[in-house]
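Student: Got a file for you: start_35.txt, compact mmCIF, C-alpha atoms.
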```txt
# COMPACT_ATOMS: atom_id res chain seq x y z
CA MET A 248 168.40 47.78 -134.56
CA ASP A 249 166.36 49.22 -131.67
CA TRP A 250 167.35 47.82 -128.25
CA THR A 251 163.72 46.89 -127.57
CA VAL A 252 163.85 44.30 -130.35
CA TRP A 253 166.90 42.59 -128.86
CA GLY A 254 165.47 42.94 -125.36
CA GLY A 255 162.16 41.47 -126.46
CA LEU A 256 163.93 38.58 -128.19
CA ALA A 257 165.91 37.79 -125.03
CA ALA A 258 162.87 38.12 -122.74
CA GLY A 259 160.76 35.82 -124.90
CA LEU A 260 163.54 33.23 -125.14
CA VAL A 261 164.19 33.03 -121.39
CA ILE A 262 160.54 33.08 -120.32
CA ALA A 263 159.36 30.47 -122.83
CA THR A 264 162.23 28.11 -122.03
CA VAL A 265 161.18 28.03 -118.38
CA THR A 266 157.40 27.96 -118.86
CA ALA A 267 156.82 25.74 -121.93
CA PRO A 268 157.55 22.45 -120.10
CA VAL A 269 154.47 22.95 -117.90
CA GLY A 270 152.13 24.22 -120.62
CA VAL A 271 152.38 27.96 -119.91
CA SER A 272 153.16 30.15 -122.90
CA GLY A 273 155.00 32.72 -120.79
CA ALA A 274 152.77 35.66 -121.70
CA VAL A 275 151.62 35.87 -118.09
CA PHE A 276 155.20 36.72 -117.10
CA LEU A 277 155.96 38.79 -120.18
CA LEU A 278 153.22 41.27 -119.30
CA PRO A 279 155.08 43.11 -116.49
CA VAL A 280 158.19 43.25 -118.68
CA GLN A 281 156.19 44.97 -121.40
CA LEU A 282 154.65 47.45 -118.98
CA SER A 283 157.66 48.25 -116.82
CA VAL A 284 160.64 47.78 -119.16
CA PHE A 285 159.35 48.51 -122.65
CA GLY A 286 156.59 50.95 -121.68
CA VAL A 287 153.84 49.43 -123.83
CA PRO A 288 150.67 51.48 -123.17
CA ASN A 289 147.31 50.14 -122.03
CA PRO A 290 145.38 48.47 -123.51
CA ALA A 291 147.85 47.76 -126.35
CA VAL A 292 149.87 45.54 -123.99
CA THR A 293 147.13 42.89 -124.14
CA PRO A 294 147.10 42.32 -127.94
CA THR A 295 150.90 42.51 -127.92
CA ASN A 296 150.87 39.60 -125.46
CA LEU A 297 148.48 37.71 -127.72
CA LEU A 298 150.74 38.37 -130.71
CA TYR A 299 153.62 36.91 -128.71
CA ASN A 300 151.59 33.75 -128.13
CA VAL A 301 150.78 33.42 -131.83
CA VAL A 302 154.41 33.67 -132.90
CA ALA A 303 155.89 31.69 -130.01
CA GLY A 304 153.35 28.87 -129.84
CA PRO A 305 154.40 26.74 -132.85
CA GLY A 306 157.88 26.09 -131.42
CA ALA A 307 156.72 24.08 -128.41
CA LEU A 308 153.73 22.60 -130.25
CA TRP A 309 155.90 21.25 -133.06
CA ARG A 310 158.22 19.61 -130.57
CA TYR A 311 155.36 18.10 -128.58
CA ARG A 312 153.75 16.78 -131.77
CA HIS A 313 157.08 15.36 -132.88
CA ASP A 314 157.34 13.49 -129.55
CA GLY A 315 153.75 12.21 -129.83
CA ALA A 316 152.60 14.17 -126.77
CA LEU A 317 150.03 16.39 -128.54
CA ARG A 318 146.76 14.46 -128.40
CA GLY A 319 143.51 15.85 -129.75
CA ASP A 320 140.80 15.03 -127.18
CA LEU A 321 141.80 17.41 -124.41
CA SER A 322 143.04 20.04 -126.85
CA ARG A 323 139.69 20.16 -128.67
CA ARG A 324 137.72 20.59 -125.46
CA LEU A 325 139.92 23.45 -124.29
CA VAL A 326 139.82 25.22 -127.66
CA LEU A 327 136.02 24.92 -127.99
CA GLY A 328 135.57 26.65 -124.65
CA THR A 329 138.27 29.31 -124.80
CA LEU A 330 137.70 30.53 -128.38
CA PRO A 331 134.34 32.29 -127.79
CA GLY A 332 135.50 33.44 -124.36
CA VAL A 333 138.59 35.24 -125.65
CA VAL A 334 136.51 37.31 -128.11
CA LEU A 335 134.20 38.44 -125.31
CA GLY A 336 137.18 39.14 -123.07
CA ALA A 337 138.82 41.30 -125.74
CA ALA A 338 135.67 43.42 -126.05
CA VAL A 339 135.46 43.84 -122.27
CA ARG A 340 139.15 44.83 -122.12
CA VAL A 341 138.79 47.56 -124.75
CA PHE A 342 135.45 49.09 -123.80
CA ALA A 343 135.13 48.45 -120.06
CA LEU A 344 138.64 48.11 -118.53
CA PRO A 345 140.98 50.54 -120.31
CA GLY A 346 142.49 52.22 -117.24
CA PRO A 347 145.88 51.08 -115.86
CA GLY A 348 144.67 51.11 -112.24
CA VAL A 349 141.88 48.61 -112.87
CA PHE A 350 144.20 46.59 -115.09
CA ARG A 351 146.86 46.28 -112.36
CA LEU A 352 144.19 45.17 -109.87
CA LEU A 353 142.96 42.56 -112.35
CA ALA A 354 146.52 41.36 -112.96
CA ALA A 355 147.09 40.97 -109.21
CA ALA A 356 143.81 39.10 -108.80
CA LEU A 357 144.83 36.65 -111.53
CA LEU A 358 148.49 36.18 -110.71
CA LEU A 359 148.23 35.70 -106.96
CA PRO A 360 145.83 32.73 -107.07
CA LEU A 361 147.76 31.24 -109.99
CA GLY A 362 151.05 31.51 -108.13
CA LEU A 363 149.67 30.12 -104.89
CA TRP A 364 148.03 27.24 -106.74
CA LEU A 365 151.26 26.26 -108.45
CA SER A 366 153.29 26.58 -105.27
CA LEU A 367 150.91 24.55 -103.10
CA CYS A 368 150.66 21.78 -105.70
CA ALA A 369 154.44 21.62 -105.95
CA LEU A 370 155.02 21.61 -102.18
CA ALA A 371 152.30 19.12 -101.26
CA PRO A 372 153.55 15.60 -100.42
CA ALA A 373 152.84 13.08 -103.15
CA ARG A 374 150.19 11.28 -101.07
CA HIS A 375 148.27 14.56 -100.58
CA ARG A 376 148.22 15.65 -104.20
CA PRO A 377 144.97 15.30 -106.16
CA SER A 378 144.59 12.02 -108.02
CA SER A 379 143.35 11.37 -111.54
CA ALA A 380 139.93 10.54 -110.05
CA GLY A 381 139.30 14.27 -109.87
CA GLU A 382 139.39 14.72 -113.66
CA LEU A 383 136.69 17.12 -114.83
CA ALA A 384 133.71 15.99 -116.87
CA PRO A 385 133.67 17.17 -120.51
CA ARG A 386 130.88 19.73 -119.99
CA THR A 387 132.49 21.11 -116.86
CA LEU A 388 135.82 21.33 -118.64
CA THR A 389 134.27 23.25 -121.55
CA GLY A 390 132.49 25.63 -119.16
CA LEU A 391 135.70 26.26 -117.24
CA ALA A 392 137.53 26.84 -120.51
CA LEU A 393 134.90 29.42 -121.52
CA ALA A 394 135.32 31.36 -118.27
CA VAL A 395 139.10 31.18 -118.52
CA GLY A 396 138.90 32.32 -122.16
CA VAL A 397 137.11 35.50 -121.08
CA VAL A 398 139.74 36.20 -118.46
CA GLY A 399 142.50 35.33 -120.92
CA GLY A 400 141.07 37.70 -123.52
CA ILE A 401 141.07 40.52 -120.98
CA TYR A 402 144.56 39.74 -119.72
CA GLY A 403 146.20 38.72 -122.99
CA ILE A 404 147.35 35.22 -122.02
CA GLY A 405 145.15 33.11 -124.30
CA GLY A 406 143.54 31.11 -121.48
CA GLY A 407 145.64 27.96 -121.55
CA SER A 408 148.06 29.47 -119.05
CA LEU A 409 145.30 29.41 -116.44
CA LEU A 410 143.77 26.08 -117.42
CA GLY A 411 147.07 24.22 -117.26
CA PRO A 412 147.71 24.67 -113.51
CA VAL A 413 144.07 23.90 -112.69
CA LEU A 414 144.10 20.63 -114.63
CA VAL A 415 147.46 19.56 -113.22
CA GLY A 416 146.13 20.30 -109.75
CA ARG A 417 143.12 18.07 -110.49
CA GLY A 418 145.49 15.16 -111.07
CA LEU A 419 146.15 15.12 -114.81
CA PRO A 420 149.82 14.53 -115.69
CA VAL A 421 151.82 17.51 -116.91
CA ALA A 422 152.89 15.52 -119.97
CA ARG A 423 149.24 15.44 -121.11
CA VAL A 424 148.16 18.89 -119.97
CA ALA A 425 151.11 20.94 -121.26
CA PRO A 426 150.62 20.32 -125.02
CA ALA A 427 146.84 20.75 -124.78
CA ALA A 428 147.10 23.98 -122.79
CA LEU A 429 149.61 25.41 -125.26
CA ALA A 430 147.39 24.40 -128.19
CA ALA A 431 144.44 26.21 -126.60
CA THR A 432 146.61 29.24 -125.91
CA PHE A 433 147.79 29.37 -129.52
CA ALA A 434 144.29 29.04 -131.01
CA THR A 435 142.66 31.57 -128.70
CA SER A 436 145.54 34.02 -129.03
CA LEU A 437 145.21 33.93 -132.81
CA VAL A 438 141.52 34.77 -132.55
CA GLY A 439 142.09 37.27 -129.75
CA ALA A 440 144.85 39.17 -131.57
CA THR A 441 142.66 39.39 -134.68
CA THR A 442 139.77 40.66 -132.56
CA TYR A 443 141.94 43.42 -131.09
CA VAL A 444 143.08 44.50 -134.54
CA VAL A 445 139.44 44.80 -135.63
CA LEU A 446 138.51 46.64 -132.43
CA SER A 447 141.39 49.07 -133.01
CA LEU A 448 139.56 50.28 -136.09
CA MET A 449 136.58 51.21 -133.92
CA SER A 450 138.45 52.75 -130.99
CA SER A 451 140.46 55.94 -130.67
CA GLY A 452 142.76 54.48 -128.02
CA GLU A 453 145.99 52.51 -128.42
CA VAL A 454 144.35 49.13 -128.99
CA ALA A 455 146.47 47.63 -131.76
CA PRO A 456 149.49 45.53 -130.72
CA ASP A 457 153.05 46.83 -130.69
CA TRP A 458 153.98 44.84 -133.78
CA TRP A 459 157.76 45.04 -133.60
CA LEU A 460 157.96 44.19 -129.91
CA GLY A 461 155.37 41.44 -130.19
CA LEU A 462 157.20 39.83 -133.10
CA ALA A 463 160.56 40.12 -131.33
CA CYS A 464 159.27 38.57 -128.10
CA GLY A 465 157.44 35.93 -130.10
CA THR A 466 160.56 34.97 -132.06
CA GLY A 467 162.44 34.50 -128.81
CA GLY A 468 159.50 32.52 -127.46
CA LEU A 469 159.46 30.36 -130.59
CA MET A 470 163.01 29.23 -129.88
CA GLY A 471 162.54 29.04 -126.13
CA GLY A 472 159.32 27.08 -126.43
CA TYR A 473 160.96 24.47 -128.61
CA LEU A 474 163.86 24.19 -126.20
CA GLY A 475 161.58 23.96 -123.16
CA ALA A 476 159.40 21.27 -124.74
CA ARG A 477 162.49 19.28 -125.69
CA LEU A 478 163.86 19.54 -122.15
CA GLN A 479 160.58 18.61 -120.42
CA PRO A 480 161.36 14.89 -119.89
CA HIS A 481 164.68 15.80 -118.26
CA LEU A 482 163.48 18.53 -115.88
CA PRO A 483 161.99 17.91 -112.40
CA ASP A 484 158.29 18.75 -112.65
CA ARG A 485 157.97 19.70 -109.00
CA THR A 486 160.78 22.25 -109.18
CA LEU A 487 159.38 23.87 -112.32
CA ARG A 488 155.91 24.28 -110.86
CA LEU A 489 157.34 25.75 -107.68
CA LEU A 490 159.45 28.22 -109.67
CA LEU A 491 156.44 29.32 -111.71
CA GLY A 492 154.40 29.71 -108.56
CA ILE A 493 157.00 31.92 -106.93
CA LEU A 494 157.30 34.11 -110.04
CA ALA A 495 153.54 34.51 -110.44
CA THR A 496 153.04 35.29 -106.76
CA ALA A 497 155.84 37.87 -106.74
CA VAL A 498 154.52 39.68 -109.81
CA GLY A 499 150.97 39.59 -108.42
CA MET A 500 152.14 41.14 -105.16
CA LEU A 501 153.97 43.85 -107.08
CA TYR A 502 150.81 44.81 -108.98
CA ALA A 503 148.76 44.73 -105.79
CA ALA A 504 151.23 47.11 -104.14
CA GLN A 505 151.13 49.46 -107.14
CA THR A 506 147.34 49.48 -107.02
CA LEU A 507 147.37 50.55 -103.38
CA ASP A 508 149.82 53.44 -104.00
```
As structure tokens, how would this structure be written, given the file I've shared?
Tutor:
Amino acid sequence: MDWTVWGGLAAGLVIATVTAPVGVSGAVFLLPVQLSVFGVPNPAVTPTNLLYNVVAGPGALWRYRHDGALRGDLSRRLVLGTLPGVVLGAAVRVFALPGPGVFRLLAAALLLPLGLWLSLCALAPARHRPSSAGELAPRTLTGLALAVGVVGGIYGIGGGSLLGPVLVGRGLPVARVAPAALAATFATSLVGATTYVVLSLMSSGEVAPDWWLGLACGTGGLMGGYLGARLQPHLPDRTLRLLLGILATAVGMLYAAQTLD
């Protein structure tokens, strides 16, 4: 069996185990591995990331549902906003942002704020962290989900990976946000991956996902997501968010440096 399959399986397993407890699918961290290690071309790396989310998502979601943590109100609001956004984002990614230089700049612009947000929330003293009084109104939440869906469709992360840190920063508990964010990521990734497959029929570029790598990473993510969701009650939330923030910031800085070369 090709080494990329085993490598993808291992990468998906490790990343999802660390990220699933805070509602991040792991695709945001899998992206640089696909580009730098496995050499997935642009823009095929984006639908491959979405394919990973589709395969990996049910592991954590099943565990959260089994534990009674997957509630429908927040999940529905996130899905209603991100679904149309991810379709628009996929079209923008294929027809307007195909070049690797622009893509690296976009990745840096997304990862740096995400990493700083996670790190600051984790390092802030408890009395200075946002309270539940800052919870977003339903319309505002749907509008934010729409904007994040567009960005997620361009970047290949489904959208929930960006919404999760924002909602936790607004004061919602991770135990509520994580299942809803992963549910939104799964739903939008399913639609987004399908959109890319359709767009590949109308484009001469490498738009379709790398099926073998996406399935391998997703299988690892399926197992890792289940494990991460099961471990969530036993892991320190502050440490996990800080770790995710450091990883996101480091990867964002790397892309920013590559863009300036």
Student: Between A:Ala258, A:Leu353, A:Leu489, A:Val334, single out the one closest to Ala371 of chain A, counting all atoms listed in the file.
Tutor: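 The closest residue to Ala371 of chain A is A:Leu489.
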Student: Using all atoms listed in the file, find the one residue out of A:Gly472, A:Gly336, A:Gly411, A:Gly255 that sits nearest to Trp459 of chain A.
Tutor: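 So, comparing all the options, the nearest one is A:Gly255.
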Student: What does the structure give for the distance between atom CA of Tyr473 of chain A and atom CA of Asp320 of chain A, in Å to one decimal?
Tutor: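 Between atom CA of Tyr473 of chain A and atom CA of Asp320 of chain A the gap works out to 22.3 Å.
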Student: Counting only C-alpha atoms, which of A:Leu388, A:Ala425, A:Val269, A:Val280 gets nearest to Leu327 of chain A?
Tutor: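 The shortest atom-to-atom distance to Leu327 of chain A comes from A:Leu388.
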Student: Find the residue from A:Leu298, A:Pro268, A:Arg340, A:Trp253 that sits nearest to His481 of chain A; use all atoms listed in the file when measuring.
Tutor: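 Selected residue with least distance to His481 of chain A: A:Pro268.
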Student: Residues within 12 Å of Leu277 of chain A, please, as a PyMOL selection string. Count only C-alpha atoms; anything in the same chain fewer than 4 positions from it doesn't count.
Tutor: chain A and resi 254-263+266+271-273+281-285+287+292-293+295-300+402-404+460-461+464-465+467-468+494-495+498
Student: Compare A:Leu446, A:Leu370, A:Val398, A:Leu330 by their minimum atom-to-atom distance to Ala356 of chain A, counting only C-alpha atoms, and give me the closest one.
Tutor: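 For Ala356 of chain A, the nearest of the candidates is A:Val398.
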Student: Given all atoms listed in the file as the basis, pick out the residue of A:Ile493, A:Leu469, A:Val265, A:Leu361 nearest to Phe433 of chain A.
Tutor: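 Among the listed residues, the smallest separation from Phe433 of chain A belongs to A:Leu469.
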Student: Dig up all the protein and nucleic acid residues within 10 Å of (144.4, 16.6, -127.8) in the file frame, using all atoms listed in the file, and format them as a list in words.
Tutor: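 Here is the list of nearby residues: Ala316, Leu317, Arg318, Gly319, Asp320, Leu321, Ser322, Arg323, Arg324, Leu325, Val326, Arg423, Val424, Pro426, Ala427, Ala428, Ala430 and Ala431 of chain A.
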Student: Quick one: everything within 12 Å of Thr496 of chain A, counting only C-alpha atoms, minus sequence neighbours fewer than 3 positions away in the same chain. Send it as a list in words.
Tutor: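 Non-adjacent residues within range: Val275, Phe276, Ala354, Ala355, Ala356, Leu357, Leu358, Leu359, Pro360, Leu361, Gly362, Leu363, Trp364, Leu365, Ser366, Leu367, Leu489, Leu490, Leu491, Gly492, Ile493, Gly499, Met500, Leu501, Tyr502 and Ala503 of chain A.
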Student: What's the separation between atom CA of Arg477 of chain A and atom CA of Trp458 of chain A, in Å to one decimal place?
Tutor: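 Pair atom CA of Arg477 of chain A / atom CA of Trp458 of chain A returns 28.1 Å.
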Student: Report, in Å to a single decimal, how far apart atom CA of Ala504 of chain A and atom CA of Gly286 of chain A are.
Tutor: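 Separating atom CA of Gly286 of chain A from atom CA of Ala504 of chain A is a distance of 18.7 Å.
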Student: What's the 8 Å shell around Ala337 of chain A, counting all atoms listed in the file, without same-chain residues fewer than 3 positions away, as a count of residues only?
Tutor: 10
Student: What would segment 383-404 of chain A look like with N, CA, C and O atoms restored, written as a short mmCIF file (atom, residue, chain, number, x, y, z; two decimals), keeping the file's coordinate frame?
Tutor:
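Okay, this is what ended up in part30.cif:
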```cif
data_model
loop_
_atom_site.label_atom_id
_atom_site.label_comp_id
_atom_site.auth_asym_id
_atom_site.auth_seq_id
_atom_site.Cartn_x
_atom_site.Cartn_y
_atom_site.Cartn_z
N LEU A 383 137.95 16.44 -114.57
CA LEU A 383 136.69 17.12 -114.83
C LEU A 383 135.91 16.44 -115.94
O LEU A 383 136.48 15.92 -116.90
N ALA A 384 134.58 16.50 -115.82
CA ALA A 384 133.71 15.99 -116.87
C ALA A 384 133.82 16.89 -118.10
O ALA A 384 134.15 18.08 -117.97
N PRO A 385 133.53 16.36 -119.29
CA PRO A 385 133.67 17.17 -120.51
C PRO A 385 132.92 18.49 -120.48
O PRO A 385 133.45 19.53 -120.88
N ARG A 386 131.65 18.48 -120.02
CA ARG A 386 130.88 19.73 -119.99
C ARG A 386 131.47 20.73 -119.00
O ARG A 386 131.53 21.93 -119.26
N THR A 387 131.87 20.23 -117.86
CA THR A 387 132.49 21.11 -116.86
C THR A 387 133.79 21.69 -117.39
O THR A 387 134.08 22.88 -117.18
N LEU A 388 134.56 20.87 -118.07
CA LEU A 388 135.82 21.33 -118.64
C LEU A 388 135.60 22.42 -119.67
O LEU A 388 136.30 23.44 -119.68
N THR A 389 134.58 22.23 -120.53
CA THR A 389 134.27 23.25 -121.55
C THR A 389 133.80 24.55 -120.91
O THR A 389 134.18 25.64 -121.33
N GLY A 390 132.96 24.43 -119.85
CA GLY A 390 132.49 25.63 -119.16
C GLY A 390 133.63 26.38 -118.48
O GLY A 390 133.69 27.61 -118.53
N LEU A 391 134.53 25.63 -117.86
CA LEU A 391 135.70 26.26 -117.24
C LEU A 391 136.57 26.94 -118.29
O LEU A 391 137.07 28.05 -118.08
N ALA A 392 136.73 26.26 -119.43
CA ALA A 392 137.53 26.84 -120.51
C ALA A 392 136.91 28.13 -121.03
O ALA A 392 137.62 29.08 -121.37
N LEU A 393 135.58 28.19 -121.08
CA LEU A 393 134.90 29.42 -121.52
C LEU A 393 135.19 30.57 -120.57
O LEU A 393 135.54 31.67 -121.00
N ALA A 394 135.05 30.30 -119.26
CA ALA A 394 135.32 31.36 -118.27
C ALA A 394 136.77 31.81 -118.33
O ALA A 394 137.08 33.01 -118.28
N VAL A 395 137.69 30.85 -118.45
CA VAL A 395 139.10 31.18 -118.52
C VAL A 395 139.41 31.94 -119.81
O VAL A 395 140.27 32.82 -119.84
N GLY A 396 138.71 31.61 -120.89
CA GLY A 396 138.90 32.32 -122.16
C GLY A 396 138.55 33.79 -122.04
O GLY A 396 139.25 34.65 -122.59
N VAL A 397 137.48 34.10 -121.30
CA VAL A 397 137.11 35.50 -121.08
C VAL A 397 138.21 36.23 -120.32
O VAL A 397 138.64 37.32 -120.71
N VAL A 398 138.66 35.60 -119.24
CA VAL A 398 139.74 36.20 -118.46
C VAL A 398 141.01 36.33 -119.29
O VAL A 398 141.72 37.35 -119.25
N GLY A 399 141.31 35.29 -120.07
CA GLY A 399 142.50 35.33 -120.92
C GLY A 399 142.43 36.41 -121.97
O GLY A 399 143.44 37.03 -122.30
N GLY A 400 141.23 36.64 -122.52
CA GLY A 400 141.07 37.70 -123.52
C GLY A 400 141.28 39.07 -122.91
O GLY A 400 141.83 39.98 -123.55
N ILE A 401 140.86 39.25 -121.66
CA ILE A 401 141.07 40.52 -120.98
C ILE A 401 142.55 40.72 -120.67
O ILE A 401 143.10 41.82 -120.83
N TYR A 402 143.19 39.64 -120.23
CA TYR A 402 144.56 39.74 -119.72
C TYR A 402 145.62 39.56 -120.80
O TYR A 402 146.77 39.96 -120.64
N GLY A 403 145.24 38.92 -121.90
CA GLY A 403 146.20 38.72 -122.99
C GLY A 403 147.08 37.50 -122.82
O GLY A 403 148.24 37.51 -123.23
N ILE A 404 146.56 36.43 -122.21
CA ILE A 404 147.35 35.22 -122.02
C ILE A 404 146.76 34.01 -122.72
O ILE A 404 147.23 32.90 -122.55
#
```
